[in-house]
Structures are given as structure tokens and as C-alpha cells.
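Have a look at my_file_29.txt below; it lists compact mmCIF, C-alpha atoms and all ligand atoms.
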```txt
# COMPACT_ATOMS: atom_id res chain seq x y z
CA MET A 1 93.74 181.08 165.31
CA GLU A 2 96.15 178.89 167.21
CA ILE A 3 96.14 175.17 167.88
CA LEU A 4 97.43 174.36 171.38
CA ASP A 5 97.73 171.33 173.65
CA LEU A 6 94.37 170.74 175.37
CA ARG A 7 96.17 170.20 178.68
CA HIS A 8 96.98 173.92 178.89
CA PHE A 9 93.31 174.57 179.57
CA SER A 10 90.91 173.93 182.42
CA ALA A 11 87.35 172.63 182.56
CA ALA A 12 86.10 176.22 182.87
CA ASP A 13 87.77 177.12 179.54
CA LEU A 14 86.05 174.23 177.74
CA ARG A 15 82.63 174.35 179.40
CA PRO A 16 80.92 176.88 177.05
CA LEU A 17 81.96 174.83 174.02
CA LEU A 18 80.71 171.62 175.62
CA GLU A 19 77.35 173.28 176.34
CA GLU A 20 77.07 173.94 172.61
CA GLU A 21 78.10 170.37 171.84
CA ILE A 22 75.45 169.02 174.25
CA ALA A 23 72.82 171.04 172.32
CA THR A 24 74.13 169.67 169.00
CA TRP A 25 73.95 166.03 170.15
CA ALA A 26 70.43 166.62 171.49
CA ARG A 27 69.30 168.09 168.17
CA LEU A 28 71.00 165.65 165.79
CA LEU A 29 70.92 162.39 167.73
CA ALA A 30 68.33 162.75 170.55
CA TRP A 31 71.29 162.01 172.83
CA ASP A 32 72.04 163.64 176.18
CA TYR A 33 75.78 164.24 176.00
CA ALA A 34 75.93 165.83 179.47
CA GLY A 35 77.33 162.70 181.18
CA ALA A 36 80.13 162.34 178.64
CA ALA A 37 80.80 166.10 178.87
CA GLU A 38 81.17 165.89 182.66
CA MET A 39 83.69 163.08 182.25
CA ILE A 40 85.65 165.17 179.71
CA LEU A 41 85.65 168.15 182.11
CA ARG A 42 86.93 166.00 184.97
CA TYR A 43 89.80 164.79 182.77
CA MET A 44 90.47 168.39 181.71
CA ASP A 45 90.89 169.51 185.31
CA ALA A 46 93.15 166.55 186.00
CA LYS A 47 95.24 167.67 182.96
CA ILE A 48 95.27 164.14 181.61
CA LEU A 49 93.21 164.47 178.43
CA PRO A 50 95.48 164.41 175.37
CA GLY A 51 94.22 166.50 172.47
CA TYR A 52 94.20 169.94 170.92
CA ALA A 53 92.24 173.15 171.34
CA ALA A 54 91.62 175.79 168.69
CA ILE A 55 92.08 179.21 170.31
CA GLU A 56 91.01 182.60 169.15
CA ARG A 57 91.26 185.77 171.24
CA GLY A 58 92.11 183.66 174.27
CA SER A 59 89.04 181.42 174.16
CA VAL A 60 88.61 177.79 173.17
CA PHE A 61 86.31 177.50 170.18
CA GLY A 62 87.14 173.99 169.02
CA TYR A 63 88.73 170.83 170.42
CA SER A 64 89.52 167.24 169.69
CA PHE A 65 90.79 164.63 172.13
CA PHE A 66 91.97 161.06 171.99
CA VAL A 67 92.69 158.21 174.36
CA TYR A 68 95.34 155.54 174.35
CA GLU A 69 94.19 151.92 174.65
CA GLN A 70 97.35 149.83 174.71
CA SER A 71 98.79 150.01 171.16
CA LYS A 72 95.72 151.79 169.82
CA GLY A 73 94.70 155.45 169.77
CA VAL A 74 91.00 156.24 169.71
CA ILE A 75 89.89 159.70 168.64
CA GLY A 76 87.18 160.44 171.19
CA ASP A 77 85.67 163.62 169.87
CA LEU A 78 85.86 166.62 167.57
CA PHE A 79 83.76 169.72 168.02
CA VAL A 80 84.12 173.26 166.70
CA HIS A 81 81.94 176.25 167.56
CA ASP A 82 79.46 177.09 164.83
CA GLY A 83 79.66 180.87 164.93
CA GLY A 84 80.26 183.73 162.57
CA ARG A 85 84.01 183.69 163.08
CA SER A 86 86.40 184.75 160.39
CA LEU A 87 87.73 181.19 160.00
CA ASN A 88 85.62 178.55 158.42
CA ARG A 89 84.50 175.73 160.70
CA ARG A 90 85.55 172.90 158.38
CA GLU A 91 89.06 174.29 158.11
CA VAL A 92 89.41 174.38 161.91
CA GLU A 93 88.06 170.82 162.20
CA GLU A 94 90.58 169.63 159.63
CA ARG A 95 93.47 171.39 161.38
CA LEU A 96 92.53 169.87 164.73
CA LEU A 97 92.21 166.42 163.20
CA THR A 98 95.53 166.75 161.39
CA HIS A 99 97.25 167.55 164.71
CA VAL A 100 95.55 164.63 166.47
CA ILE A 101 96.32 162.17 163.68
CA GLU A 102 99.98 163.24 163.40
CA THR A 103 100.45 163.04 167.18
CA LEU A 104 99.00 159.54 167.31
CA GLN A 105 100.90 158.31 164.27
CA GLN A 106 104.14 159.57 165.83
CA SER A 107 103.43 158.15 169.29
CA PRO A 108 105.82 155.28 170.01
CA GLY A 109 104.02 151.94 170.22
CA ILE A 110 100.80 153.13 168.55
CA HIS A 111 100.01 150.86 165.62
CA ARG A 112 96.36 151.53 165.14
CA ILE A 113 94.01 154.53 165.22
CA GLU A 114 90.21 154.39 165.27
CA ALA A 115 87.63 157.17 165.06
CA GLN A 116 83.85 157.32 164.83
CA LEU A 117 82.37 160.78 164.41
CA LEU A 118 78.64 160.36 165.06
CA ALA A 119 77.75 164.05 164.93
CA HIS A 120 79.48 164.66 161.57
CA ASP A 121 77.89 163.74 158.26
CA ALA A 122 79.73 161.09 156.22
CA GLY A 123 82.50 162.63 154.13
CA GLU A 124 82.38 165.96 155.99
CA VAL A 125 85.78 165.73 157.65
CA ALA A 126 87.14 162.75 155.72
CA ARG A 127 90.02 164.58 154.05
CA PRO A 128 92.67 164.54 156.83
CA PHE A 129 91.94 160.85 157.46
CA LEU A 130 92.11 159.79 153.82
CA GLU A 131 95.30 161.82 153.25
CA GLN A 132 96.94 159.92 156.11
CA GLY A 133 95.99 156.50 154.74
CA PHE A 134 92.92 155.73 156.87
CA SER A 135 90.18 153.48 155.54
CA ARG A 136 86.65 154.84 155.75
CA HIS A 137 83.54 152.86 156.74
CA PRO A 138 80.22 154.68 156.44
CA ARG A 139 77.83 153.81 159.27
CA VAL A 140 74.13 154.50 159.73
CA PHE A 141 72.50 156.01 162.82
CA MET A 142 68.96 154.57 163.02
CA ASN A 143 65.98 155.43 165.17
CA TYR A 144 62.82 153.56 166.17
CA GLU A 145 59.82 155.59 167.39
CA MET A 146 57.84 153.49 169.87
CA ALA A 147 54.52 155.21 169.22
CA ARG A 148 54.64 154.44 165.49
CA HIS A 149 54.88 150.67 165.88
CA PRO A 150 52.78 148.16 167.81
CA GLN A 151 54.61 145.83 170.18
CA THR A 152 55.02 142.48 168.43
CA ALA A 153 55.82 139.21 170.18
CA PRO A 154 57.31 136.81 167.63
CA PRO A 155 57.07 133.16 168.72
CA LEU A 156 60.35 131.73 169.93
CA ALA A 157 61.15 128.07 169.16
CA PRO A 158 60.93 126.07 172.44
CA GLU A 159 64.58 125.04 172.21
CA PHE A 160 65.58 128.65 173.00
CA GLU A 161 65.12 130.78 176.09
CA ILE A 162 65.51 134.54 176.51
CA ARG A 163 66.69 135.71 179.94
CA PRO A 164 67.48 139.12 181.42
CA TRP A 165 71.13 140.17 181.24
CA SER A 166 73.11 139.41 184.35
CA GLU A 167 76.71 140.13 185.29
CA GLU A 168 77.28 136.37 185.57
CA GLN A 169 77.27 136.31 181.76
CA TYR A 170 80.35 138.49 181.45
CA GLN A 171 82.90 135.87 180.32
CA ALA A 172 80.46 133.92 178.16
CA ALA A 173 79.23 137.18 176.58
CA ALA A 174 82.79 138.19 175.66
CA ALA A 175 83.36 134.78 174.03
CA LEU A 176 80.05 135.12 172.17
CA ILE A 177 80.98 138.57 170.81
CA THR A 178 84.39 137.31 169.64
CA ASN A 179 82.76 134.38 167.82
CA ALA A 180 79.90 136.41 166.34
CA TYR A 181 82.24 139.01 164.82
CA ARG A 182 84.90 136.71 163.36
CA GLY A 183 85.52 137.93 159.78
CA HIS A 184 82.85 140.61 160.22
CA VAL A 185 83.30 144.18 158.89
CA ASP A 186 82.72 145.54 162.43
CA SER A 187 85.89 143.83 163.64
CA GLU A 188 87.77 145.85 161.01
CA ILE A 189 86.33 149.01 162.58
CA ASN A 190 86.72 147.97 166.23
CA ASP A 191 89.57 145.55 166.83
CA GLN A 192 88.31 144.80 170.37
CA TYR A 193 85.91 142.29 168.79
CA ARG A 194 88.83 140.17 167.52
CA THR A 195 89.97 138.78 170.87
CA LEU A 196 88.44 137.59 174.10
CA SER A 197 90.34 140.19 176.15
CA GLY A 198 89.28 142.91 173.70
CA SER A 199 85.63 141.85 173.89
CA LEU A 200 85.86 141.96 177.69
CA ARG A 201 87.18 145.54 177.46
CA PHE A 202 84.33 146.38 175.08
CA LEU A 203 81.82 144.97 177.59
CA ASN A 204 83.45 146.88 180.44
CA ASN A 205 83.23 150.12 178.48
CA ILE A 206 79.56 149.53 177.72
CA VAL A 207 78.42 148.20 181.09
CA ARG A 208 80.59 150.10 183.56
CA PHE A 209 81.47 153.46 181.93
CA PRO A 210 79.14 156.23 180.77
CA GLY A 211 80.87 156.90 177.41
CA CYS A 212 78.07 155.32 175.38
CA GLY A 213 75.14 156.28 177.61
CA THR A 214 74.24 154.62 180.92
CA PHE A 215 73.95 150.85 180.71
CA ASP A 216 70.33 149.70 180.99
CA ALA A 217 70.38 146.19 182.46
CA HIS A 218 66.56 145.94 182.30
CA GLY A 219 66.55 146.45 178.52
CA SER A 220 69.41 143.97 177.94
CA PHE A 221 68.87 140.25 177.32
CA VAL A 222 70.66 137.01 176.52
CA VAL A 223 69.40 133.98 174.64
CA PHE A 224 70.31 130.42 175.58
CA GLN A 225 69.93 127.10 173.87
CA ARG A 226 68.08 125.10 176.56
CA ARG A 227 69.54 121.68 175.80
CA THR A 228 73.22 122.66 175.89
CA ARG A 229 72.71 125.62 178.25
CA THR A 230 74.98 127.68 176.02
CA LEU A 231 74.76 131.40 175.46
CA ILE A 232 74.09 131.93 171.75
CA GLY A 233 73.05 135.57 171.48
CA LEU A 234 72.66 138.85 173.33
CA ILE A 235 71.34 142.37 173.12
CA LEU A 236 72.73 145.24 175.22
CA CYS A 237 70.94 148.52 175.73
CA SER A 238 71.98 151.87 177.23
CA GLN A 239 70.01 154.95 178.14
CA VAL A 240 71.16 158.02 176.18
CA ARG A 241 68.34 160.33 177.29
CA PRO A 242 65.74 159.76 180.03
CA ASP A 243 63.27 158.58 177.34
CA VAL A 244 65.65 157.19 174.67
CA GLY A 245 67.39 153.81 174.64
CA HIS A 246 70.39 152.92 172.48
CA ILE A 247 71.26 149.38 171.40
CA THR A 248 75.00 149.12 171.86
CA GLN A 249 75.25 145.47 170.84
CA VAL A 250 73.15 142.74 169.28
CA CYS A 251 74.64 139.51 168.02
CA ILE A 252 73.80 135.85 167.45
CA LEU A 253 76.31 133.02 166.91
CA PRO A 254 76.61 132.34 163.15
CA GLU A 255 75.15 128.81 163.36
CA TYR A 256 71.95 130.08 165.03
CA ARG A 257 71.17 132.95 162.64
CA SER A 258 68.00 133.30 160.52
CA ALA A 259 65.90 131.52 163.13
CA GLY A 260 64.22 134.66 164.42
CA LEU A 261 66.47 135.14 167.47
CA GLY A 262 67.64 138.61 166.45
CA VAL A 263 64.03 139.72 165.98
CA ALA A 264 63.08 138.15 169.35
CA LEU A 265 65.90 139.95 171.21
CA LEU A 266 64.97 143.29 169.63
CA ALA A 267 61.33 142.66 170.64
CA ALA A 268 62.41 141.92 174.23
CA THR A 269 64.28 145.24 174.41
CA THR A 270 61.48 147.30 172.81
CA ARG A 271 58.95 145.70 175.19
CA SER A 272 61.04 146.52 178.25
CA LEU A 273 61.57 150.14 177.16
CA ARG A 274 57.91 150.56 176.20
CA GLU A 275 56.81 149.36 179.63
CA ARG A 276 59.04 152.02 181.17
CA ARG A 277 57.60 154.77 178.92
CA PHE A 278 60.65 155.31 176.71
CA GLY A 279 59.75 157.08 173.46
CA ALA A 280 62.47 155.87 171.10
CA ILE A 281 65.44 153.56 170.55
CA SER A 282 68.50 154.31 168.43
CA LEU A 283 71.41 152.22 167.18
CA THR A 284 74.36 152.45 164.81
CA VAL A 285 75.11 149.91 162.09
CA THR A 286 77.80 149.68 159.42
CA GLN A 287 76.38 150.45 155.98
CA ALA A 288 78.05 147.34 154.53
CA ASN A 289 76.13 145.16 157.04
CA ASP A 290 73.13 145.10 154.71
CA ARG A 291 71.46 142.09 156.30
CA ALA A 292 71.36 143.75 159.70
CA ILE A 293 70.07 147.00 158.13
CA ALA A 294 67.32 145.07 156.31
CA LEU A 295 66.34 143.46 159.61
CA TYR A 296 66.19 146.82 161.45
CA GLU A 297 64.19 148.42 158.62
CA ARG A 298 61.69 145.56 158.61
CA ILE A 299 61.13 146.06 162.34
CA GLY A 300 60.58 149.81 161.85
CA PHE A 301 63.94 151.53 162.38
CA ASP A 302 64.53 154.57 160.12
CA SER A 303 67.90 155.93 158.98
CA VAL A 304 68.57 159.29 160.59
CA ARG A 305 72.06 160.08 159.36
CA ILE A 306 75.18 158.53 157.90
CA PHE A 307 78.49 159.16 159.64
CA ASP A 308 82.01 157.80 159.17
CA ALA A 309 84.23 155.39 161.04
CA PHE A 310 87.95 155.64 160.19
CA VAL A 311 90.73 153.14 160.78
CA TRP A 312 94.49 153.39 160.32
CA GLU A 313 96.99 150.58 160.78
CA GLY A 314 100.66 151.47 160.86
C1 LIG B 401 72.19 140.87 162.81
C2 LIG B 401 71.89 139.59 163.57
C3 LIG B 401 71.92 139.91 165.07
C4 LIG B 401 70.52 139.09 163.19
O1 LIG B 401 70.20 137.97 163.97
P1 LIG B 401 69.32 136.74 163.41
O2 LIG B 401 68.99 135.91 164.57
O3 LIG B 401 69.99 136.10 162.28
O4 LIG B 401 68.05 137.53 162.90
P2 LIG B 401 66.62 136.89 162.64
O5 LIG B 401 66.72 135.43 162.38
O6 LIG B 401 65.71 137.33 163.73
O7 LIG B 401 66.18 137.64 161.35
C5 LIG B 401 67.04 137.57 160.28
C6 LIG B 401 66.46 136.66 159.21
O8 LIG B 401 65.75 135.54 159.70
C7 LIG B 401 64.43 135.52 159.16
N1 LIG B 401 63.54 135.05 160.21
C8 LIG B 401 62.98 135.77 161.18
N2 LIG B 401 62.24 134.97 161.97
C9 LIG B 401 62.37 133.72 161.50
C10 LIG B 401 61.87 132.45 161.88
N3 LIG B 401 61.05 132.32 162.93
N4 LIG B 401 62.24 131.37 161.18
C11 LIG B 401 63.06 131.48 160.13
N5 LIG B 401 63.56 132.65 159.70
C12 LIG B 401 63.20 133.75 160.37
C13 LIG B 401 64.14 136.92 158.83
O9 LIG B 401 63.17 137.02 157.82
C14 LIG B 401 65.49 137.36 158.36
O10 LIG B 401 65.69 136.92 157.04
P3 LIG B 401 67.03 137.19 156.23
O11 LIG B 401 67.81 135.93 156.31
O12 LIG B 401 66.59 137.51 154.86
O13 LIG B 401 67.76 138.36 156.88
C15 LIG B 401 72.91 138.48 163.24
O14 LIG B 401 72.99 138.36 161.85
C16 LIG B 401 74.29 138.72 163.77
O15 LIG B 401 74.62 138.39 164.89
N6 LIG B 401 75.20 139.29 162.94
C17 LIG B 401 76.55 139.55 163.33
C18 LIG B 401 76.63 140.67 164.31
C19 LIG B 401 75.95 141.91 163.76
O16 LIG B 401 76.11 142.26 162.60
N7 LIG B 401 75.21 142.59 164.64
C20 LIG B 401 74.56 143.83 164.30
C21 LIG B 401 75.50 144.95 164.48
S1 LIG B 401 74.69 146.51 164.30
```

Using the file provided, produce a representation of the structure as C-alpha cells.
Amino acid sequence: MEILDLRHFSAADLRPLLEEEIATWARLLAWDYAGAAEMILRYMDAKILPGYAAIERGSVFGYSFFVYEQSKGVIGDLFVHDGGRSLNRREVEERLLTHVIETLQQSPGIHRIEAQLLAHDAGEVARPFLEQGFSRHPRVFMNYEMARHPQTAPPLAPEFEIRPWSEEQYQAAAALITNAYRGHVDSEINDQYRTLSGSLRFLNNIVRFPGCGTFDAHGSFVVFQRRTRTLIGLILCSQVRPDVGHITQVCILPEYRSAGLGVALLAATTRSLRERRFGAISLTVTQANDRAIALYERIGFDSVRIFDAFVWEG
């Protein structure tokens, strides 16, 4: 088995492995990975995707790639064929990750590395990260089955108003995210939350790029305080399968929490998806964010799996 630069290979070399990865995401996460896979294949053919491929007898049976975002490297994916090969899958995953981590740590100007491996169980591939000084943050993938829960409509205090998401909210939404995540564990995991420009990039990634599903404007809402006309909370939803929504963001300004706004935004999203015959909604939440987890559980979300987020700061 050899580990080689991913840019030596074409989309055709990687396609069979991605087909297997698409099946894995469908099985584990009810997530159609085909859109993300197409994007990866386009980057492969353009020879611009940095990463490594594990090669045996001339074929690619594992890969990991990363992207550069200013002074940060983000590990985008890791997938190894699950077949009866002589080499053990975990060992190949660890070798690929070690190459990716070393490359990023040695890249001039890179001071931070982030990774979230949704399709790997927590702890499974932690070793290369922990050996290189990464911190580990377990996160929970949760799922809500529409058919198992009636649609509730919690009363909203008259001082607040929920409105559909609109692109006009872009700047205000970025400011809201920055304020809602100040001192929050999730801004340790994703440093975009720490600044206005970072929160704008986060929004752009969610709303305009297909990396985290296709943005679903109809299932996304904002909440205003009527008197001051200020944006105080939002919920953003993407479509990750024709019948499955994924909440990519929900947050309320600290001073407006515990007033039922989070519950009301979640109800607005579930209602919208229910009306359009979606069957389920998923989301990810950091295990340390116990208040948010308690809220999701009370509504009817179940934990499906626990995966890891890793962060390194050089
Ligand atoms: C998670 C979050 C969105 C919840 O929003 P929220 O508006 O505070 O949530 P709600 O008020 O609807 O429900 C939370 C609490 O209010 C209580 N509550 C619900 N409706 C209420 C009402 N009408 N009146 C008073 N309290 C109410 C709930 O019982 C719950 O109690 P708790 O304090 O024991 O948790 C908010 O805490 C937040 O923005 N956190 C930071 C960002 C974050 O962690 N996002 C989630 C990432 S996955």
C-alpha cells in the first residue's frame, strides 16, 4: 500500500470509492452525499484538491482531502474502502490522516486545523489527532422522525415575530451568530463564529455552497423583536436528501434565551418541512452543549451517533 498525492489521480480513479462513500452516508446518516461527491470529482479533475490517496495494485481504495481557508486548514473528508484487503482499514485511515495532519502543520501560514468526521464513530480515528496535540470535542448527530411526533404550535409572546429567512438578513444574521456564540464551545470548534467576517463566510458556505446539503430557504426562519425591529434569533435548514432536512444553525441572542424562541423556531422549521412531506430532520450538536441537547430531546430528537470534532492551534 502506498500513500500518494491525491492530485496524481483523476475523477475516474476516485469515482468507485465515492460511490461506496455515498452508500455509507445514506446508511449511517440518511444523507445523500452525491452532491458533495460531484464537487469533489470536479476538483479532482481540475487537479486542485489537496490530499492523499491510499493505493493498492494501482487503484485508489482510500482518500482524505483538506482545504485551506486563509490561515486555517479544514480536513474535508476521510474514507477508506471496507473490503477484505490485507491491510486493516483503521491503519490506512490513520496513515492518511497522519499525512494530512503533517502536511497542514508544515504548511507556511497555517496556524489552525479543524476536522469533523461525521461518518466515523467518536474515538475511532482519534489517535493521529491526539498524538499531534489536537483537542477533541465529541458531537452528537440527532434525528427527528416527523411521523412519530405531532406538530405543536407553542404560543409566541406578542413582542416577537417569526419571519421567513430572506437574503436581506445576511449582515444582521452574521452579527447575530457572532454574538450568540461568544464564549461558546462551538466557537472553539469552528473559529468562523468568533468574528463578523468569519460568520459571513459560514453563512456563505451554508446558503450558497452544497457542502452541507442544499440550503432550504422555505424551512429557514428569523425572529425579530417587534419594538426595536432587531434580529434576535434564527434557524437555518438544508436539504440533505429529498425527504430529509438538516438544521445547520439555530441560535438566539443570550439576553432573549429561555423565553421559548428556540422551541418556536424549531416548530416553524418542522411545520414547513411537514407541509412539504419531508420524513425527518437531522442536526449535529456538541455533547458539552447539554442545554441544547436537552431542548432537542424534549422536542423529540433522538441521538443517532456520536462523532468527533478535532482542533489544533499552532
Ligand atoms: C439552544 C438555543 C437556540 C435555545 O434557544 P432558547 O430560545 O433559549 O430555547 P427555549 O427558550 O425555546 O427553550 C429553552 C428553555 O426555555 C424554556 N421555555 C420554553 N418555552 C418557554 C416559555 N414560553 N417561557 C419560558 N420558558 C420557556 C424551556 O423549558 C427551556 O428550559 P431550560 O432553560 O431548562 O433549557 C439557545 O440557547 C442558543 O442560542 N444557544 C447558543 C447557540 C447554540 O448552542 N445553538 C445550538 C447549536 S446546535

Any chance you could tabulate, as CSV, the residues of chain A at most 7 Å from ligand LIG 401 (chain B) with each one's nearest atom pair and distance in Å to one decimal, using only C-alpha atoms and all ligand atoms, in chain and rising number order?
```
residue,atom,partner,partner_atom,distance
A:Ala180,CA,B:LIG401,C17,5.5
A:Tyr181,CA,B:LIG401,C18,5.9
A:Gln249,CA,B:LIG401,C21,6.4
A:Val250,CA,B:LIG401,N7,5.1
A:Cys251,CA,B:LIG401,O15,3.3
A:Ile252,CA,B:LIG401,O15,3.7
A:Leu253,CA,B:LIG401,O15,6.0
A:Pro254,CA,B:LIG401,O15,6.6
A:Tyr256,CA,B:LIG401,O2,6.6
A:Arg257,CA,B:LIG401,O3,3.4
A:Ser258,CA,B:LIG401,O5,3.1
A:Ala259,CA,B:LIG401,O5,4.1
A:Gly260,CA,B:LIG401,O6,3.1
A:Leu261,CA,B:LIG401,O2,3.9
A:Gly262,CA,B:LIG401,O2,3.6
A:Val263,CA,B:LIG401,O6,3.7
A:Ala264,CA,B:LIG401,O6,6.3
A:Thr284,CA,B:LIG401,S1,6.0
A:Val285,CA,B:LIG401,S1,4.1
A:Thr286,CA,B:LIG401,S1,6.6
A:Asn289,CA,B:LIG401,O16,6.3
A:Arg291,CA,B:LIG401,O13,5.3
A:Ala292,CA,B:LIG401,C1,4.3
A:Ala294,CA,B:LIG401,O13,6.7
A:Leu295,CA,B:LIG401,O13,6.0
```

What's around segment 265-280 of chain A at 6 Å? Count all atoms listed in the file, leave out sequence neighbours fewer than 2 positions away in its own chain, and write the answer as a PyMOL selection string. chain A and resi 144-146+219+243-244+262-263

Pull the closest atom pair for each residue of segment 32-72 of chain A that gets at most 8 Å from segment 89-97 of chain A, along with the distance in Å to one decimal, counting all atoms listed in the file, ordering rows by chain and then ascending residue number, as a tab-separated table.
```
residue	atom	partner	partner_atom	distance
A:Tyr52	CA	A:Leu96	CA	6.4
A:Ala53	CA	A:Leu96	CA	7.4
A:Ala54	CA	A:Leu96	CA	7.2
A:Gly62	CA	A:Val92	CA	7.5
A:Tyr63	CA	A:Leu96	CA	6.9
A:Ser64	CA	A:Leu96	CA	6.4
```

Please identify all polymer residues within 8 Å of Phe160 of chain A, counting only C-alpha atoms, omitting same-chain residues fewer than 6 positions from it, and present them as a list in words.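 Answer for this query is Val223, Phe224, Gln225 and Arg226 of chain A.
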
Interatomic distance, atom CA of Ala23 of chain A to atom CA of Ala46 of chain A (Å, one decimal):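 One can read the atom CA of Ala23 of chain A to atom CA of Ala46 of chain A distance as 24.9 Å.
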
Need the shell around segment 39-43 of chain A: protein/DNA/RNA residues with any atom at most 12 Å away, counting all atoms listed in the file. Skip same-chain ones fewer than 4 positions apart. Format as a PDB file with C-alpha atoms, in the coordinates of the input?
```pdb
ATOM      1  CA  LEU A   6      94.370 170.740 175.370  1.00  0.00           C
ATOM      2  CA  ARG A   7      96.170 170.200 178.680  1.00  0.00           C
ATOM      3  CA  PHE A   9      93.310 174.570 179.570  1.00  0.00           C
ATOM      4  CA  SER A  10      90.910 173.930 182.420  1.00  0.00           C
ATOM      5  CA  ALA A  11      87.350 172.630 182.560  1.00  0.00           C
ATOM      6  CA  ALA A  12      86.100 176.220 182.870  1.00  0.00           C
ATOM      7  CA  ASP A  13      87.770 177.120 179.540  1.00  0.00           C
ATOM      8  CA  LEU A  14      86.050 174.230 177.740  1.00  0.00           C
ATOM      9  CA  ARG A  15      82.630 174.350 179.400  1.00  0.00           C
ATOM     10  CA  PRO A  16      80.920 176.880 177.050  1.00  0.00           C
ATOM     11  CA  LEU A  17      81.960 174.830 174.020  1.00  0.00           C
ATOM     12  CA  LEU A  18      80.710 171.620 175.620  1.00  0.00           C
ATOM     13  CA  GLU A  19      77.350 173.280 176.340  1.00  0.00           C
ATOM     14  CA  TYR A  33      75.780 164.240 176.000  1.00  0.00           C
ATOM     15  CA  ALA A  34      75.930 165.830 179.470  1.00  0.00           C
ATOM     16  CA  GLY A  35      77.330 162.700 181.180  1.00  0.00           C
ATOM     17  CA  LYS A  47      95.240 167.670 182.960  1.00  0.00           C
ATOM     18  CA  ILE A  48      95.270 164.140 181.610  1.00  0.00           C
ATOM     19  CA  LEU A  49      93.210 164.470 178.430  1.00  0.00           C
ATOM     20  CA  PRO A  50      95.480 164.410 175.370  1.00  0.00           C
ATOM     21  CA  GLY A  51      94.220 166.500 172.470  1.00  0.00           C
ATOM     22  CA  TYR A  63      88.730 170.830 170.420  1.00  0.00           C
ATOM     23  CA  SER A  64      89.520 167.240 169.690  1.00  0.00           C
ATOM     24  CA  PHE A  65      90.790 164.630 172.130  1.00  0.00           C
ATOM     25  CA  PHE A  66      91.970 161.060 171.990  1.00  0.00           C
ATOM     26  CA  VAL A  67      92.690 158.210 174.360  1.00  0.00           C
ATOM     27  CA  GLY A  76      87.180 160.440 171.190  1.00  0.00           C
ATOM     28  CA  ASP A  77      85.670 163.620 169.870  1.00  0.00           C
ATOM     29  CA  PHE A 209      81.470 153.460 181.930  1.00  0.00           C
ATOM     30  CA  PRO A 210      79.140 156.230 180.770  1.00  0.00           C
ATOM     31  CA  GLY A 211      80.870 156.900 177.410  1.00  0.00           C
ATOM     32  CA  CYS A 212      78.070 155.320 175.380  1.00  0.00           C
ATOM     33  CA  GLY A 213      75.140 156.280 177.610  1.00  0.00           C
TER      34      GLY A 213
END
```
